[in-house]
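Have a look at work-v8.cif; it's mmCIF, C-alpha atoms:
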```cif
data_protein
loop_
_atom_site.label_atom_id
_atom_site.label_comp_id
_atom_site.auth_asym_id
_atom_site.auth_seq_id
_atom_site.Cartn_x
_atom_site.Cartn_y
_atom_site.Cartn_z
CA MET A 1 83.56 173.13 151.13
CA LEU A 2 84.64 175.87 153.46
CA ARG A 3 85.00 179.14 151.53
CA LEU A 4 85.23 182.18 153.67
CA LEU A 5 84.87 185.93 153.72
CA ILE A 6 86.97 188.36 155.77
CA LEU A 7 88.43 191.80 155.32
CA ALA A 8 91.97 192.22 154.09
CA ALA A 9 92.70 194.36 157.15
CA LEU A 10 92.46 191.21 159.25
CA LEU A 11 95.77 189.88 157.99
CA PHE A 12 97.68 193.14 157.75
CA PRO A 13 98.27 196.37 159.65
CA THR A 14 95.69 199.08 158.99
CA THR A 15 98.34 201.34 157.48
CA VAL A 16 101.65 200.68 155.81
CA SER A 17 104.24 203.27 154.84
CA GLY A 18 106.77 202.31 152.19
CA ALA A 19 106.96 198.76 153.55
CA THR A 20 106.36 195.14 152.68
CA PHE A 21 103.09 193.54 153.81
CA ASP A 22 103.24 190.33 155.81
CA GLU A 23 103.32 187.12 153.78
CA ILE A 24 100.00 185.26 153.41
CA ARG A 25 99.94 181.48 153.37
CA ILE A 26 97.56 179.85 150.83
CA ASP A 27 96.87 176.13 151.17
CA LEU A 28 96.66 174.42 147.77
CA PRO A 29 95.98 170.83 146.71
CA PRO A 30 98.35 169.22 144.15
CA GLY A 31 97.50 170.26 140.60
CA ALA A 32 95.76 173.45 141.67
CA LEU A 33 95.73 176.52 139.43
CA LEU A 34 96.89 179.82 140.92
CA LYS A 35 95.96 182.93 138.91
CA ILE A 36 97.47 186.34 139.61
CA ARG A 37 96.46 189.77 138.27
CA ASN A 38 98.42 192.91 139.12
CA ASP A 39 97.68 196.05 137.09
CA PHE A 40 99.87 198.22 139.31
CA GLY A 41 103.37 196.72 139.27
CA ASP A 42 105.58 193.65 138.90
CA VAL A 43 104.88 190.01 139.72
CA SER A 44 107.80 187.73 140.57
CA PHE A 45 107.73 184.00 141.30
CA GLU A 46 109.84 181.57 143.26
CA LEU A 47 109.43 177.81 143.25
CA TRP A 48 109.93 176.16 146.62
CA ASP A 49 109.53 172.80 148.34
CA GLN A 50 106.66 173.76 150.64
CA SER A 51 103.17 172.33 150.05
CA TYR A 52 101.51 175.74 150.23
CA ALA A 53 101.88 179.04 148.36
CA ALA A 54 102.78 182.38 149.93
CA VAL A 55 102.16 185.89 148.63
CA SER A 56 103.56 189.23 149.78
CA THR A 57 103.54 192.78 148.40
CA ALA A 58 105.91 195.72 148.51
CA ILE A 59 104.84 199.36 148.08
CA ASP A 60 107.20 201.86 146.45
CA GLY A 61 107.86 205.15 148.16
CA SER A 62 106.93 206.61 151.56
CA VAL A 63 103.17 206.30 151.27
CA THR A 64 100.32 204.99 153.38
CA LEU A 65 97.66 202.53 152.24
CA SER A 66 94.43 202.10 154.16
CA ARG A 67 94.44 198.29 153.74
CA SER A 68 96.30 195.49 152.10
CA PRO A 69 96.04 195.61 148.29
CA ILE A 70 95.76 191.81 148.04
CA LEU A 71 92.41 190.15 147.32
CA ILE A 72 92.37 186.34 147.36
CA ASP A 73 89.54 184.14 146.15
CA ASN A 74 90.33 180.61 147.36
CA ARG A 75 88.06 178.03 145.75
CA GLY A 76 90.26 175.00 146.48
CA THR A 77 91.57 173.88 143.10
CA VAL A 78 91.50 177.40 141.63
CA VAL A 79 92.87 180.38 143.55
CA THR A 80 92.75 183.89 142.12
CA ILE A 81 94.93 186.68 143.51
CA THR A 82 94.00 190.22 142.48
CA VAL A 83 95.82 193.41 143.41
CA VAL A 84 93.39 196.23 144.15
CA ARG A 85 93.85 199.95 144.66
CA ARG A 86 91.08 201.77 146.45
CA PRO A 87 89.93 205.25 145.42
CA THR A 88 91.50 206.76 148.55
CA ASP A 89 94.92 205.14 147.97
CA PRO A 90 97.79 207.02 146.26
CA ALA A 91 98.76 205.96 142.73
CA VAL A 92 101.96 204.09 143.58
CA ALA A 93 103.55 200.92 142.24
CA ILE A 94 102.53 197.72 144.02
CA ASN A 95 104.87 194.76 143.49
CA VAL A 96 103.90 191.19 144.27
CA LYS A 97 106.09 188.19 145.14
CA LEU A 98 104.76 184.64 145.02
CA ARG A 99 106.32 181.47 146.39
CA VAL A 100 104.62 178.44 144.82
CA PRO A 101 104.96 174.65 145.11
CA LYS A 102 106.34 172.78 142.13
CA ASN A 103 103.09 170.84 141.63
CA VAL A 104 100.93 173.96 141.24
CA GLU A 105 100.16 175.66 137.91
CA VAL A 106 100.49 179.44 137.69
CA ALA A 107 98.81 181.86 135.26
CA THR A 108 99.19 185.63 135.02
CA TRP A 109 96.93 188.31 133.55
CA ASP A 110 98.32 189.78 130.31
CA GLY A 111 95.65 192.44 129.85
CA LYS A 112 93.20 190.17 128.03
CA SER A 113 93.42 186.70 129.57
CA TYR A 114 95.37 184.53 131.99
CA VAL A 115 98.51 182.93 130.51
CA LYS A 116 101.27 180.75 131.94
CA PRO A 117 104.56 182.57 132.60
CA VAL A 118 107.77 181.24 131.05
CA MET A 119 110.21 179.25 133.20
CA GLN A 120 113.73 180.65 133.23
CA ALA A 121 116.27 178.57 131.28
CA ALA A 122 118.51 178.07 134.32
CA PRO A 123 117.80 178.65 138.00
CA PRO A 124 120.01 181.03 140.00
CA ALA A 125 123.06 179.29 141.44
CA ASP A 126 122.46 180.67 144.92
CA GLY A 127 118.78 179.96 145.24
CA PRO A 128 115.81 177.76 144.31
CA PRO A 129 114.40 177.57 140.76
CA GLN A 130 112.42 180.64 139.77
CA LEU A 131 109.79 181.59 137.26
CA GLY A 132 110.38 184.75 135.26
CA GLY A 133 108.95 187.94 136.73
CA VAL A 134 105.96 189.48 134.96
CA ASN A 135 105.34 193.21 134.65
CA ASN A 136 101.63 193.95 134.31
CA ALA A 137 101.80 197.65 135.18
CA LYS A 138 99.70 199.68 132.76
CA THR A 139 100.95 203.12 133.80
CA SER A 140 104.02 204.71 135.30
CA VAL A 141 104.29 205.40 139.02
CA GLY A 142 102.13 208.32 140.11
CA THR A 143 99.82 208.20 137.09
CA PRO A 144 96.37 206.68 137.70
CA ALA A 145 95.51 203.97 135.19
CA ASP A 146 92.27 203.96 133.25
CA LYS A 147 89.52 203.20 135.76
CA ALA A 148 87.90 200.67 133.44
CA ASP A 149 91.06 198.54 133.48
CA ASN A 150 91.78 198.67 137.21
CA VAL A 151 90.26 196.63 139.98
CA GLU A 152 88.97 198.94 142.70
CA ILE A 153 86.93 198.25 145.79
CA SER A 154 85.42 200.69 148.22
CA GLU A 155 86.15 200.97 151.93
CA GLY A 156 84.19 198.42 153.92
CA ASP A 157 84.02 195.88 151.11
CA VAL A 158 84.30 192.26 152.15
CA ILE A 159 86.73 190.02 150.29
CA ARG A 160 87.39 186.29 150.06
CA VAL A 161 90.57 184.96 151.61
CA ASP A 162 92.16 181.87 153.05
CA SER A 163 90.21 178.85 154.19
CA GLN A 164 91.44 178.95 157.78
CA LEU A 165 88.82 181.51 158.73
CA VAL A 166 85.05 181.37 158.96
CA THR A 167 82.87 184.38 158.24
CA LEU A 168 79.20 184.65 159.18
CA ASN A 169 76.68 187.13 157.87
CA VAL A 170 74.36 187.94 160.78
CA SER A 171 71.16 189.98 160.85
CA VAL A 172 70.25 191.43 164.25
CA VAL A 173 66.64 192.31 165.10
CA ASP A 174 64.71 193.44 168.15
CA ARG A 175 62.67 190.55 169.52
CA GLY A 176 59.70 192.78 170.36
CA THR A 177 59.44 194.90 167.23
CA SER A 178 61.20 192.62 164.67
CA ARG A 179 63.08 195.71 163.48
CA GLY A 180 66.74 195.48 162.56
CA LEU A 181 69.31 196.94 164.91
CA ALA A 182 72.02 199.16 163.44
CA GLY A 183 75.04 200.71 165.10
CA LEU A 184 76.30 197.57 166.86
CA VAL A 185 80.02 197.09 167.51
CA GLN A 186 82.21 193.99 167.79
CA SER A 187 82.00 193.88 171.60
CA ASP A 188 78.21 193.45 171.32
CA PHE A 189 78.67 189.94 169.88
CA GLN A 190 79.64 186.54 171.30
CA LEU A 191 80.27 183.59 168.99
CA PHE A 192 80.28 179.88 169.85
CA GLU A 193 81.20 176.82 167.75
CA ASP A 194 80.00 173.49 169.15
CA GLY A 195 79.51 175.22 172.48
CA GLN A 196 83.06 176.62 172.65
CA GLU A 197 83.41 180.41 172.58
CA GLN A 198 85.49 181.68 169.65
CA ARG A 199 87.49 184.87 169.40
CA ILE A 200 86.06 187.25 166.81
CA VAL A 201 89.05 188.44 164.81
CA GLN A 202 87.22 190.62 162.31
CA PHE A 203 84.05 192.66 162.42
CA ASP A 204 82.34 194.32 159.48
CA SER A 205 79.52 196.79 159.97
CA SER A 206 76.09 196.57 158.38
CA SER A 207 76.97 199.42 156.00
CA ALA A 208 79.13 197.23 153.72
CA PRO A 209 77.52 196.87 150.27
CA PHE A 210 75.90 193.74 148.84
CA ASP A 211 75.67 192.07 145.47
CA MET A 212 72.00 191.06 145.38
CA VAL A 213 70.40 188.65 142.91
CA LEU A 214 66.64 188.62 142.42
CA LEU A 215 65.61 185.09 141.44
CA ILE A 216 62.04 185.16 140.11
CA ASP A 217 59.74 182.21 139.43
CA LEU A 218 57.75 182.80 136.21
CA SER A 219 56.33 179.29 135.81
CA GLY A 220 52.62 179.40 135.04
CA SER A 221 52.54 183.19 135.08
CA THR A 222 50.04 185.09 132.94
CA LYS A 223 50.64 188.49 131.38
CA ASP A 224 48.82 190.19 134.25
CA VAL A 225 50.87 188.30 136.82
CA VAL A 226 54.15 189.18 135.09
CA LYS A 227 53.16 192.85 135.13
CA LEU A 228 52.82 192.74 138.92
CA ILE A 229 56.14 190.87 139.19
CA ARG A 230 57.88 193.56 137.14
CA GLU A 231 56.40 196.31 139.30
CA ALA A 232 57.56 194.55 142.47
CA ALA A 233 61.09 194.10 141.10
CA LEU A 234 61.25 197.80 140.28
CA ARG A 235 60.26 198.58 143.86
CA PHE A 236 63.16 196.39 145.02
CA VAL A 237 65.59 198.33 142.81
CA ASN A 238 64.29 201.66 144.12
CA ALA A 239 64.63 200.52 147.76
CA ALA A 240 68.20 199.21 147.45
CA ARG A 241 71.11 201.27 148.75
CA PRO A 242 73.11 203.21 146.13
CA ALA A 243 76.28 201.15 146.75
CA ASP A 244 74.49 197.81 146.26
CA ARG A 245 74.65 196.03 142.91
CA ILE A 246 71.69 194.04 141.63
CA ALA A 247 71.19 191.21 139.14
CA VAL A 248 67.93 189.63 137.98
CA ILE A 249 67.40 185.99 136.98
CA THR A 250 64.07 184.43 136.00
CA PHE A 251 63.20 180.76 135.68
CA ALA A 252 60.57 178.21 134.81
CA GLY A 253 61.81 175.19 132.84
CA SER A 254 65.23 176.87 132.58
CA SER A 255 67.02 179.87 134.06
CA SER A 256 67.53 183.13 132.19
CA ILE A 257 69.76 186.05 133.17
CA VAL A 258 67.71 189.21 132.67
CA SER A 259 70.47 191.49 133.96
CA GLY A 260 73.96 190.84 135.28
CA LEU A 261 75.23 192.57 138.41
CA THR A 262 75.15 196.32 137.97
CA GLY A 263 74.78 199.51 139.93
CA ASP A 264 73.19 201.27 136.95
CA ARG A 265 69.60 201.69 138.11
CA ASP A 266 68.34 202.96 134.74
CA LEU A 267 69.77 199.90 132.98
CA LEU A 268 68.19 197.62 135.58
CA ARG A 269 64.78 199.20 135.08
CA GLN A 270 65.07 198.77 131.32
CA ARG A 271 66.03 195.11 131.69
CA ILE A 272 63.24 194.40 134.20
CA GLU A 273 60.68 195.81 131.76
CA THR A 274 61.67 193.04 129.33
CA ILE A 275 60.56 190.26 131.72
CA ASP A 276 57.84 188.18 130.06
CA THR A 277 56.06 184.86 130.55
CA ALA A 278 58.13 181.68 130.48
CA ARG A 279 57.33 178.07 129.65
CA GLY A 280 58.32 174.77 131.21
CA ASP A 281 58.16 172.85 134.46
CA THR A 282 59.05 174.59 137.71
CA LYS A 283 62.73 173.83 138.28
CA LEU A 284 63.27 175.81 141.47
CA TYR A 285 66.22 173.83 142.83
CA ASP A 286 68.07 173.95 139.51
CA ALA A 287 67.52 177.71 139.40
CA ILE A 288 68.91 178.24 142.91
CA ASN A 289 72.01 176.18 142.10
CA PHE A 290 72.40 178.02 138.80
CA THR A 291 72.33 181.35 140.63
CA MET A 292 74.85 180.28 143.26
CA ASN A 293 77.19 179.04 140.53
CA GLN A 294 76.89 182.34 138.67
CA ILE A 295 77.96 184.21 141.80
CA LYS A 296 80.89 181.84 142.35
CA LYS A 297 82.12 182.39 138.77
CA ASP A 298 82.90 186.02 139.51
CA ALA A 299 86.50 185.54 140.68
CA THR A 300 86.99 189.27 141.35
CA ASN A 301 83.81 189.63 143.41
CA ALA A 302 84.63 191.77 146.46
CA ARG A 303 81.11 192.13 147.83
CA ARG A 304 78.92 190.26 150.22
CA SER A 305 76.35 188.25 148.28
CA ALA A 306 72.61 187.76 148.77
CA ILE A 307 70.07 185.78 146.76
CA VAL A 308 66.39 186.73 147.06
CA VAL A 309 64.11 183.94 145.74
CA MET A 310 60.43 184.52 144.89
CA SER A 311 58.46 181.31 144.25
CA ASP A 312 55.55 179.19 145.43
CA GLY A 313 58.10 176.44 146.07
CA LEU A 314 56.35 173.93 143.81
CA ASP A 315 59.34 172.28 142.19
CA GLY A 316 58.13 169.58 139.82
CA THR A 317 59.93 166.90 141.86
CA ILE A 318 57.56 167.32 144.83
CA PRO A 319 55.06 164.42 145.16
CA GLY A 320 51.49 165.50 144.41
CA ILE A 321 52.39 167.71 141.45
CA SER A 322 51.15 166.07 138.28
CA GLY A 323 52.64 166.31 134.81
CA GLN A 324 56.00 167.88 135.74
CA VAL A 325 59.53 166.52 135.73
CA GLY A 326 61.15 169.18 137.91
CA SER A 327 64.76 169.85 138.81
CA GLN A 328 67.69 167.56 138.12
CA THR A 329 69.32 168.65 141.39
CA PRO A 330 67.58 166.98 144.35
CA TYR A 331 66.18 169.09 147.17
CA ALA A 332 68.57 167.62 149.77
CA ASP A 333 71.61 168.45 147.62
CA THR A 334 70.30 171.96 147.11
CA VAL A 335 70.00 172.52 150.86
CA ARG A 336 73.57 171.27 151.34
CA ASN A 337 74.81 173.62 148.62
CA ILE A 338 72.97 176.52 150.24
CA GLN A 339 74.64 175.74 153.56
CA GLU A 340 78.04 175.95 151.84
CA PHE A 341 77.19 179.13 149.91
CA ASP A 342 79.22 182.14 151.04
CA GLY A 343 76.31 184.57 150.93
CA VAL A 344 72.84 184.72 152.44
CA LEU A 345 69.62 183.45 150.89
CA TYR A 346 66.17 184.94 151.45
CA THR A 347 62.97 183.26 150.27
CA LEU A 348 59.60 184.85 149.53
CA TRP A 349 56.91 182.17 149.37
CA LEU A 350 53.97 183.16 147.19
CA ASN A 351 50.70 181.46 148.08
CA THR A 352 49.20 180.02 144.88
CA GLU A 353 47.14 177.26 146.51
CA TYR A 354 43.77 176.33 145.01
CA GLU A 355 41.29 173.57 145.76
CA ALA A 356 42.19 170.29 144.07
CA MET A 357 39.16 169.01 142.13
CA SER A 358 40.82 165.90 140.67
CA PRO A 359 43.97 163.75 141.05
CA GLU A 360 45.50 165.66 138.12
CA ASP A 361 45.46 168.90 140.16
CA THR A 362 48.27 169.86 142.50
CA GLN A 363 47.41 168.32 145.87
CA PRO A 364 47.28 170.19 149.23
CA GLU A 365 50.28 168.28 150.59
CA ALA A 366 52.36 169.54 147.64
CA PHE A 367 51.52 173.16 148.45
CA ALA A 368 52.45 172.49 152.09
CA ALA A 369 55.75 170.91 151.05
CA GLY A 370 56.56 173.89 148.81
CA HIS A 371 55.94 176.26 151.72
CA ASP A 372 58.02 174.24 154.19
CA ARG A 373 60.93 173.76 151.79
CA MET A 374 61.09 177.46 150.99
CA LYS A 375 61.28 178.14 154.72
CA ALA A 376 63.95 175.49 155.26
CA MET A 377 66.11 176.88 152.44
CA ALA A 378 66.01 180.37 153.97
CA GLU A 379 67.09 178.92 157.31
CA ALA A 380 69.93 176.99 155.63
CA GLY A 381 71.04 180.16 153.86
CA GLY A 382 71.06 182.34 156.98
CA GLY A 383 68.34 184.56 155.57
CA VAL A 384 64.68 185.23 156.32
CA PHE A 385 61.52 183.49 155.10
CA TYR A 386 58.60 185.71 154.05
CA GLU A 387 55.05 184.57 153.40
CA VAL A 388 53.40 186.52 150.56
CA GLU A 389 49.68 185.72 150.59
CA LYS A 390 48.84 187.91 147.57
CA LEU A 391 50.98 188.93 144.64
CA THR A 392 50.06 192.57 145.33
CA ASP A 393 51.99 192.21 148.63
CA LEU A 394 55.21 191.18 146.87
CA ALA A 395 56.62 194.69 146.47
CA GLY A 396 56.28 195.37 150.20
CA SER A 397 58.03 192.10 151.02
CA TYR A 398 60.91 193.01 148.70
CA GLU A 399 61.30 196.31 150.55
CA GLN A 400 61.41 194.43 153.85
CA VAL A 401 64.23 192.26 152.49
CA VAL A 402 66.26 195.34 151.54
CA ALA A 403 65.71 196.78 155.01
CA ASP A 404 66.80 193.52 156.62
CA LEU A 405 69.97 193.33 154.51
CA GLY A 406 70.84 196.79 155.83
CA THR A 407 71.18 195.27 159.32
CA VAL A 408 73.52 192.39 158.39
CA TYR A 409 76.92 192.29 160.11
CA SER A 410 79.89 190.08 159.18
CA LEU A 411 81.90 188.29 161.86
CA ALA A 412 85.09 186.33 161.15
CA TYR A 413 86.82 183.86 163.45
CA ARG A 414 89.51 181.21 163.34
CA PRO A 415 88.00 177.94 164.65
CA SER A 416 89.70 176.52 167.74
CA ASN A 417 88.95 173.09 166.24
CA SER A 418 91.10 173.12 163.09
CA ALA A 419 90.28 169.55 161.99
CA ARG A 420 88.86 169.23 158.47
CA ASP A 421 86.88 166.06 159.11
CA GLY A 422 83.77 166.91 157.08
CA HIS A 423 81.63 167.04 160.22
CA TRP A 424 78.93 169.61 160.90
CA ARG A 425 79.98 172.45 163.23
CA ALA A 426 77.10 174.12 165.04
CA ILE A 427 77.33 177.90 165.46
CA ARG A 428 75.55 180.10 167.98
CA ILE A 429 75.77 183.89 168.19
CA GLY A 430 74.80 185.98 171.18
CA VAL A 431 74.19 189.74 171.22
CA ASN A 432 74.77 191.78 174.37
CA ARG A 433 71.70 193.92 173.85
CA SER A 434 68.35 193.44 175.56
CA ASN A 435 65.74 191.77 173.33
CA ALA A 436 68.26 191.43 170.48
CA VAL A 437 68.21 188.27 168.35
CA ALA A 438 70.92 187.30 165.84
CA ARG A 439 69.83 185.46 162.70
CA GLY A 440 72.24 183.69 160.41
CA LYS A 441 73.58 180.32 159.32
CA ARG A 442 73.54 177.70 162.04
CA GLY A 443 76.82 176.08 161.08
CA TYR A 444 79.04 174.67 158.34
CA TYR A 445 80.68 171.46 157.20
CA ALA A 446 84.39 171.42 158.00
CA ASN A 447 85.63 170.19 154.61
#
```
In structure tokens, what does this structure look like?
Amino acid sequence: MLRLLILAALLFPTTVSGATFDEIRIDLPPGALLKIRNDFGDVSFELWDQSYAAVSTAIDGSVTLSRSPILIDNRGTVVTITVVRRPTDPAVAINVKLRVPKNVEVATWDGKSYVKPVMQAAPPADGPPQLGGVNNAKTSVGTPADKADNVEISEGDVIRVDSQLVTLNVSVVDRGTSRGLAGLVQSDFQLFEDGQEQRIVQFDSSSAPFDMVLLIDLSGSTKDVVKLIREAALRFVNAARPADRIAVITFAGSSSIVSGLTGDRDLLRQRIETIDTARGDTKLYDAINFTMNQIKKDATNARRSAIVVMSDGLDGTIPGISGQVGSQTPYADTVRNIQEFDGVLYTLWLNTEYEAMSPEDTQPEAFAAGHDRMKAMAEAGGGVFYEVEKLTDLAGSYEQVVADLGTVYSLAYRPSNSARDGHWRAIRIGVNRSNAVARGKRGYYAN
């Protein structure tokens, strides 16, 4: 499916003073669920005969907002609209108006959960049927609400919006030195889809923060090995930028969340110290799909996402690995899911090869397949593949990943070919800098 990331500023003026923002169209299939959360003002609804929904906002008073307060996460059958107020914005009321088709369900946030609003007993005589307005404001105008209850995002954050736009996360490196290039601007990039140049309508600098998930293979690990893995993960945490959030997931026969996404470095270090050996077959593909699904569940996620996988790639489904069942999700399906994942995926292949002395040992072709599949998954995910020959090199590789993520730019465009035919669309990005190479996803399926 085509789920996309752009900045809210793309759809709206950069500043608005006491005005109504332009209406956003949201395409919805019949039976879809539309959820709306507004902690800063009223929500009103209007039923109409169109097949799509539309949302607009109005700001009280003569004030200026840096960007639109609307954040939309469009996942096809479930669409979540969240009103956000950034730390630099004044504490003013933000009112939302929704126009929704009759065959779409609506739920509003009541402070604890999403509930369905009540339909008015009789529609207005001079207009279409309407749903009752909902007031979710937690404070009066001019009084900041409790920070824990409000949804805030920082300047430069990337948000999910409508499915008519495609966003690419692109890392730019110098061909000669392999070092990332910072300080690039929109005019430095050219973007092509199936050979046709596309107009870049939004550009996000490499300074925007990431939500990063460390996915760590513990299958077959001894106590000594786990100690080195913990030390490497701590090095990753120390190298990350202060604005980045980090989560840690480990796996062997099943996946385990060591720490959810957090910017609390002390908490992360405490959780990482709890990592221990794990039992079971190596279910690498299941773990990757589990991690992507965990990221997708966060409906209010306003960050770019990255998954960093450390493994020898030896999923139990690979021929030549004896005595293991492996993942339920096939490798080919996993690659397809990675291609459709909104974020980027980096893989660190750890060399665990040993000489096979009997047919019961893992065979050389299995080690080769694990290596090649780890590389292919990084390419599918628009990330980078790292070879880690010794576990003692893992920490340095993690630091390289953090450095590379610091050179990732986000480019959004509206495809000139608007057909949703399920076909693969090849993407090529050029950089108008000598020796510069752009790395990212090679395309998407137009579903």
- Item | Exercise: region 362-377 of chain A partners within 6 Å, all atoms listed in the file, chain neighbours under 6 positions left out, as a list in words |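 That gives Gly313, Leu314, Gly320, Ile321, Ala356 and Phe385 of chain A.
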Exactly which residues make up the result of the PyMOL selection byres ((chain A and resi 101) around 12) on this file, given as a compact mmCIF listing (two decimals) with C-alpha atoms, in the coordinates of the input?
```txt
# COMPACT_ATOMS: atom_id res chain seq x y z
CA ARG A 25 99.94 181.48 153.37
CA ILE A 26 97.56 179.85 150.83
CA ASP A 27 96.87 176.13 151.17
CA LEU A 28 96.66 174.42 147.77
CA PRO A 29 95.98 170.83 146.71
CA PRO A 30 98.35 169.22 144.15
CA GLY A 31 97.50 170.26 140.60
CA ALA A 32 95.76 173.45 141.67
CA LEU A 33 95.73 176.52 139.43
CA LEU A 34 96.89 179.82 140.92
CA PHE A 45 107.73 184.00 141.30
CA GLU A 46 109.84 181.57 143.26
CA LEU A 47 109.43 177.81 143.25
CA TRP A 48 109.93 176.16 146.62
CA ASP A 49 109.53 172.80 148.34
CA GLN A 50 106.66 173.76 150.64
CA SER A 51 103.17 172.33 150.05
CA TYR A 52 101.51 175.74 150.23
CA ALA A 53 101.88 179.04 148.36
CA ALA A 54 102.78 182.38 149.93
CA LEU A 98 104.76 184.64 145.02
CA ARG A 99 106.32 181.47 146.39
CA VAL A 100 104.62 178.44 144.82
CA LYS A 102 106.34 172.78 142.13
CA ASN A 103 103.09 170.84 141.63
CA VAL A 104 100.93 173.96 141.24
CA GLU A 105 100.16 175.66 137.91
CA VAL A 106 100.49 179.44 137.69
CA PRO A 128 115.81 177.76 144.31
CA PRO A 129 114.40 177.57 140.76
CA GLN A 130 112.42 180.64 139.77
CA LEU A 131 109.79 181.59 137.26
```
Find the residues near region 418-432 of chain A: any atom within 10 Å, counting all atoms listed in the file, skip ones fewer than 3 places away on the same chain, and give them as a short mmCIF file (atom, residue, chain, number, x, y, z; two decimals) with C-alpha atoms, keeping the file's coordinate frame.
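Now in out.cif:
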```cif
data_model
loop_
_atom_site.label_atom_id
_atom_site.label_comp_id
_atom_site.auth_asym_id
_atom_site.auth_seq_id
_atom_site.Cartn_x
_atom_site.Cartn_y
_atom_site.Cartn_z
CA MET A 1 83.56 173.13 151.13
CA LEU A 2 84.64 175.87 153.46
CA GLN A 164 91.44 178.95 157.78
CA LEU A 165 88.82 181.51 158.73
CA LEU A 168 79.20 184.65 159.18
CA VAL A 170 74.36 187.94 160.78
CA VAL A 172 70.25 191.43 164.25
CA LEU A 184 76.30 197.57 166.86
CA GLN A 186 82.21 193.99 167.79
CA SER A 187 82.00 193.88 171.60
CA ASP A 188 78.21 193.45 171.32
CA PHE A 189 78.67 189.94 169.88
CA GLN A 190 79.64 186.54 171.30
CA LEU A 191 80.27 183.59 168.99
CA PHE A 192 80.28 179.88 169.85
CA GLU A 193 81.20 176.82 167.75
CA ASP A 194 80.00 173.49 169.15
CA GLY A 195 79.51 175.22 172.48
CA GLN A 196 83.06 176.62 172.65
CA GLU A 197 83.41 180.41 172.58
CA GLN A 198 85.49 181.68 169.65
CA LEU A 411 81.90 188.29 161.86
CA ARG A 414 89.51 181.21 163.34
CA PRO A 415 88.00 177.94 164.65
CA ASN A 435 65.74 191.77 173.33
CA ALA A 436 68.26 191.43 170.48
CA VAL A 437 68.21 188.27 168.35
CA ALA A 438 70.92 187.30 165.84
CA ARG A 439 69.83 185.46 162.70
CA GLY A 440 72.24 183.69 160.41
CA LYS A 441 73.58 180.32 159.32
CA ARG A 442 73.54 177.70 162.04
CA GLY A 443 76.82 176.08 161.08
CA TYR A 444 79.04 174.67 158.34
CA TYR A 445 80.68 171.46 157.20
CA ALA A 446 84.39 171.42 158.00
CA ASN A 447 85.63 170.19 154.61
#
```
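When the PyMOL selection byres ((chain A and resi 231-247) around 7) is evaluated on the file shown here, the picked residues come out as Pro209, Phe210, Asp211, Met212, Val213, Leu214, Lys227, Leu228, Ile229, Arg230, Val248, Ile249, Ser259, Gly260, Leu261, Thr262, Gly263, Arg269, Leu394, Ala395, Tyr398, Glu399 and Val402 of chain A.
One finds CA of Gly41 (chain A) at 24.3 Å from CA of Arg303 (chain A).
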- Query: So how far away is CA of Val83 (chain A) from CA of Tyr413 (chain A), in Å?
  - Reply: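 We find that CA of Tyr413 (chain A) and CA of Val83 (chain A) lie 24.0 Å from each other.
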- Message: Report, in Å to a single decimal, how far apart CA of Gly382 (chain A) and CA of Val225 (chain A) are.
- Response: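 Separating CA of Val225 (chain A) from CA of Gly382 (chain A) is a distance of 29.1 Å.
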query = Applied to the shown file, which residues does the PyMOL selection byres ((chain A and resi 407) around 6) return, written as a count of residues only?
reply = 8
| Option closest in space to Arg37 (chain A), from A:Val335, A:Leu268, A:Ile200, A:Val115 [counting all atoms listed in the file] |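 Selected residue with least distance to Arg37 (chain A): A:Val115.
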_Neighbouring residues of Gly343 (chain A) were defined as those with any atom within 8 Å, considering all atoms listed in the file; residues of the same chain fewer than 5 positions away were excluded. Please report them as a list of chain:residue names._
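So the residues in contact are A:Asn169, A:Arg304, A:Ser305, A:Ala306, A:Ile307, A:Gly381.
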Nearest candidate to Glu273 (chain A) (options A:Val258, A:Asp217, A:Ala403, A:Gly326; using only C-alpha atoms):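 Distance minimum relative to Glu273 (chain A) lands on A:Val258.
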Next item on the list: Anything within 12 Å of (73.6, 176.6, 139.0): list those residues as an MDAnalysis selection string, counting all atoms listed in the file and sticking to the file's coordinates.
Entry: chainID A and resid 215 249 251 254:257 283:297 327:329 334 337:338 341
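For the choices A:Leu350, A:Ala278, A:Leu267, A:Val388, the atom-to-atom distance to Ala252 (chain A) is smallest for A:Ala278 when using all atoms listed in the file.
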